[in-house]
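*Asks:* First the structure, then my questions, so here it is.
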Amino acid sequence: MNMRPDIDIEKAAQMWNDGFTSSELSAEFGVKRDVIMGVIARNRPLFKPKRSDVDMEHAAKLWAQGWTMATIATRVGCSETKMRATTRKHRDLFPRRERASVLRERNWTAEDLERASKLWASGASAKDIGREFSVSKNGVLAIAFRHRDLFPLRNKAGHKAVRNSKPMASIMPVRRAVIVPDFGPEEPQIPATEYDLMRLPHAKTLVDLDPCECKWPLTAGGPFLFCAEVTEKRGPYCANHLERSLPARENRRVAA
């Protein structure tokens, strides 16, 4: 008997005989599936051969009763793919059935409804509940629709849908406060004099002023006209307007 140091042959044989597949054995012992198959081939007396034939009599009986393909495969101990191939190969034992009669008709009793409602509350899907009771998914949904007291509505995640009891706030336009800029205290108004009236015929617009001409405004608009008298030392105002502007400057300093 060929032994491998990294595989417990007795444990592997017991798992194989209990129904574990070679893939499950490879995952259990951390080796490749080919290694497991080699161990099985070299230790055939310990590893019983897998049942490859389907129990035709039992499967045909379940088929006649209207059980689903998946349920029959589970009952006879084979895969659904193999069971489907068997039904195609032996049409004398597995005659074609109408789609509506694939699943047997079920009379839902109070116990069935109670057990199904518990599965529904635990989060089981309609498909899983249908497999448990050998009915279709739509059949379970129809029962749930007719018995909403036992099968409350659920969201997509499978939990109970919680409705928000708080009313939605009405959408009201947001009124924004108008911010008025604060420009500080209003500038004192300097009254016009005879000198201003005398300079008015010689006044110029701001664009026409030269750097050495007085920039004292003579009008309040339409258009704005300035004194245009020659200034000293390139100052902003002429001698007359410079003297008149000094008291206003002193007042601003005192106010500050």
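We name chains A, B, ... following the order of the structure tokens; residues begin at 1 in each chain, and ligands are numbered from 1 as shown.
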Do a neighbour search on A:Arg91 at 12 Å with only C-alpha atoms, toss out local chain neighbours closer than 6 positions, and write the hits as a list in words.

*Replies:*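 Here the qualifying residues turn out to be Met56, Ala60, Trp63, Arg84, Ala85 and Arg97 of chain A.
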
*Asks:* Those residues you just picked out, can you put them in a file as a short mmCIF file (atom, residue, chain, number, x, y, z; two decimals), in the first residue's frame with C-alpha atoms?

*Replies:*
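Saved as out.cif:
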data_model
loop_
_atom_site.label_atom_id
_atom_site.label_comp_id
_atom_site.auth_asym_id
_atom_site.auth_seq_id
_atom_site.Cartn_x
_atom_site.Cartn_y
_atom_site.Cartn_z
CA MET A 56 -34.25 4.47 -11.99
CA ALA A 60 -39.28 7.44 -12.12
CA TRP A 63 -41.01 12.00 -11.65
CA ARG A 84 -31.57 15.61 -16.75
CA ALA A 85 -29.50 13.44 -19.10
CA ARG A 97 -44.53 16.77 -18.83
#

*Asks:* Give me the residues near A:Ser125 as a PyMOL selection string, where near means some atom within 10 Å (using only C-alpha atoms) and where sequence neighbours in that chain fewer than 3 positions away do not count.

*Replies:* chain A and resi 119-122+128-130+137+140-141+157-158

*Asks:* Keeping only N, CA and C atoms, write those residues as a PDB file, in the first residue's frame.

*Replies:*
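Ended up saving to out.pdb:
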ATOM      1  N   LEU A 119     -39.696  30.842   7.427  1.00  0.00           N
ATOM      2  CA  LEU A 119     -38.585  30.925   6.475  1.00  0.00           C
ATOM      3  C   LEU A 119     -38.544  32.296   5.813  1.00  0.00           C
ATOM      4  N   TRP A 120     -39.720  32.819   5.498  1.00  0.00           N
ATOM      5  CA  TRP A 120     -39.800  34.159   4.886  1.00  0.00           C
ATOM      6  C   TRP A 120     -39.264  35.222   5.836  1.00  0.00           C
ATOM      7  N   ALA A 121     -39.621  35.108   7.114  1.00  0.00           N
ATOM      8  CA  ALA A 121     -39.155  36.090   8.093  1.00  0.00           C
ATOM      9  C   ALA A 121     -37.658  35.979   8.342  1.00  0.00           C
ATOM     10  N   SER A 122     -37.094  34.770   8.184  1.00  0.00           N
ATOM     11  CA  SER A 122     -35.656  34.595   8.398  1.00  0.00           C
ATOM     12  C   SER A 122     -34.819  35.112   7.241  1.00  0.00           C
ATOM     13  N   ASP A 128     -35.864  29.521  -2.532  1.00  0.00           N
ATOM     14  CA  ASP A 128     -35.475  28.559  -1.497  1.00  0.00           C
ATOM     15  C   ASP A 128     -36.699  27.960  -0.811  1.00  0.00           C
ATOM     16  N   ILE A 129     -37.689  28.793  -0.555  1.00  0.00           N
ATOM     17  CA  ILE A 129     -38.917  28.276   0.065  1.00  0.00           C
ATOM     18  C   ILE A 129     -39.627  27.318  -0.888  1.00  0.00           C
ATOM     19  N   GLY A 130     -39.600  27.635  -2.187  1.00  0.00           N
ATOM     20  CA  GLY A 130     -40.207  26.734  -3.162  1.00  0.00           C
ATOM     21  C   GLY A 130     -39.526  25.380  -3.203  1.00  0.00           C
ATOM     22  N   LYS A 137     -41.181  29.180  -7.665  1.00  0.00           N
ATOM     23  CA  LYS A 137     -40.988  30.487  -7.037  1.00  0.00           C
ATOM     24  C   LYS A 137     -42.250  31.331  -7.146  1.00  0.00           C
ATOM     25  N   VAL A 140     -44.829  30.372  -4.579  1.00  0.00           N
ATOM     26  CA  VAL A 140     -44.572  30.948  -3.255  1.00  0.00           C
ATOM     27  C   VAL A 140     -44.961  32.419  -3.224  1.00  0.00           C
ATOM     28  N   LEU A 141     -44.646  33.145  -4.297  1.00  0.00           N
ATOM     29  CA  LEU A 141     -45.007  34.565  -4.342  1.00  0.00           C
ATOM     30  C   LEU A 141     -46.517  34.756  -4.361  1.00  0.00           C
ATOM     31  N   ALA A 157     -33.000  43.485  -0.264  1.00  0.00           N
ATOM     32  CA  ALA A 157     -32.042  42.765   0.570  1.00  0.00           C
ATOM     33  C   ALA A 157     -32.680  41.613   1.325  1.00  0.00           C
ATOM     34  N   GLY A 158     -34.024  41.478   1.261  1.00  0.00           N
ATOM     35  CA  GLY A 158     -34.693  40.375   1.921  1.00  0.00           C
ATOM     36  C   GLY A 158     -35.189  40.706   3.304  1.00  0.00           C
TER      37      GLY A 158
END

*Asks:* For A:Val76, find every residue with an atom within 10 Å (counting only C-alpha atoms), except residues of its own chain fewer than 3 positions away, and show them as number ranges by chain.

*Replies:* A: 53-59, 62, 71-73, 79, 83

*Asks:* Store the residues picked out above in a file with C-alpha atoms, as a PDB file, in the first residue's frame.

*Replies:*
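To be explicit, this is the file written out as out.pdb:
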ATOM      1  CA  ASP A  53     -26.033   4.486 -11.724  1.00  0.00           C
ATOM      2  CA  VAL A  54     -29.203   6.349 -10.908  1.00  0.00           C
ATOM      3  CA  ASP A  55     -31.923   4.527  -9.003  1.00  0.00           C
ATOM      4  CA  MET A  56     -34.248   4.472 -11.988  1.00  0.00           C
ATOM      5  CA  GLU A  57     -37.244   3.036 -10.178  1.00  0.00           C
ATOM      6  CA  HIS A  58     -37.150   5.606  -7.386  1.00  0.00           C
ATOM      7  CA  ALA A  59     -36.448   8.477  -9.777  1.00  0.00           C
ATOM      8  CA  LEU A  62     -40.727  10.791  -8.058  1.00  0.00           C
ATOM      9  CA  THR A  71     -35.459  17.536  -5.929  1.00  0.00           C
ATOM     10  CA  ILE A  72     -35.273  14.186  -7.719  1.00  0.00           C
ATOM     11  CA  ALA A  73     -31.502  14.548  -8.159  1.00  0.00           C
ATOM     12  CA  SER A  79     -26.273  15.836  -9.908  1.00  0.00           C
ATOM     13  CA  MET A  83     -30.573  13.465 -13.787  1.00  0.00           C
TER      14      MET A  83
END

*Asks:* Using only C-alpha atoms, which residue out of A:His147, A:Arg154, A:Arg244, A:Arg44 lies closest to A:Thr193?

*Replies:*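 Result for the nearest residue to A:Thr193: A:Arg244.
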
*Asks:* Nearest residue to A:Asn138 out of A:Lys118, A:Ala12, A:Ala126, A:Asp210, using only C-alpha atoms?

*Replies:*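 Nearest candidate to A:Asn138 out of A:Lys118, A:Ala12, A:Ala126, A:Asp210: A:Ala126.
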
*Asks:* Between atom CA of A:Asp34 and atom CA of A:Ser22, measure the distance and give it in Å to one decimal.

*Replies:*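 Taking atom CA of A:Asp34 and atom CA of A:Ser22, their separation equals 8.7 Å.
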
*Asks:* Taking only C-alpha atoms into account, which of A:Ala124, A:Tyr237, A:Glu132, A:Thr21 comes nearest A:Trp67?

*Replies:*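 Between A:Ala124, A:Tyr237, A:Glu132, A:Thr21, the residue approaching A:Trp67 most closely is A:Glu132.
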
*Asks:* When DSSP is applied to the backbone of this structure, which of stretch 69-120 of chain A are assigned alpha helix (DSSP H)? Write them out as a list in words.

*Replies:*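 Assigned to alpha helix (DSSP H), within stretch 69-120 of chain A: Met69, Ala70, Thr71, Ile72, Ala73, Thr74, Arg75, Val76, Glu80, Thr81, Lys82, Met83, Arg84, Ala85, Thr86, Thr87, Arg88, Lys89, Ala110, Glu111, Asp112, Leu113, Glu114, Arg115, Ala116, Ser117, Lys118, Leu119 and Trp120 of chain A.
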
*Asks:* Can you work out which one of A:Glu28, A:Asp112, A:Asp196, A:Glu213 has the shortest atom-to-atom distance to A:Ile7, counting only C-alpha atoms?

*Replies:* A:Glu28

*Asks:* Using the chain letters and numbers from this document, which residues of stretch 6-225 of chain A does DSSP assign to strand (DSSP E or B), as a list of chain:residue names?

*Replies:* A:Arg154, A:Lys160, A:Lys204, A:Glu213, A:Pro217
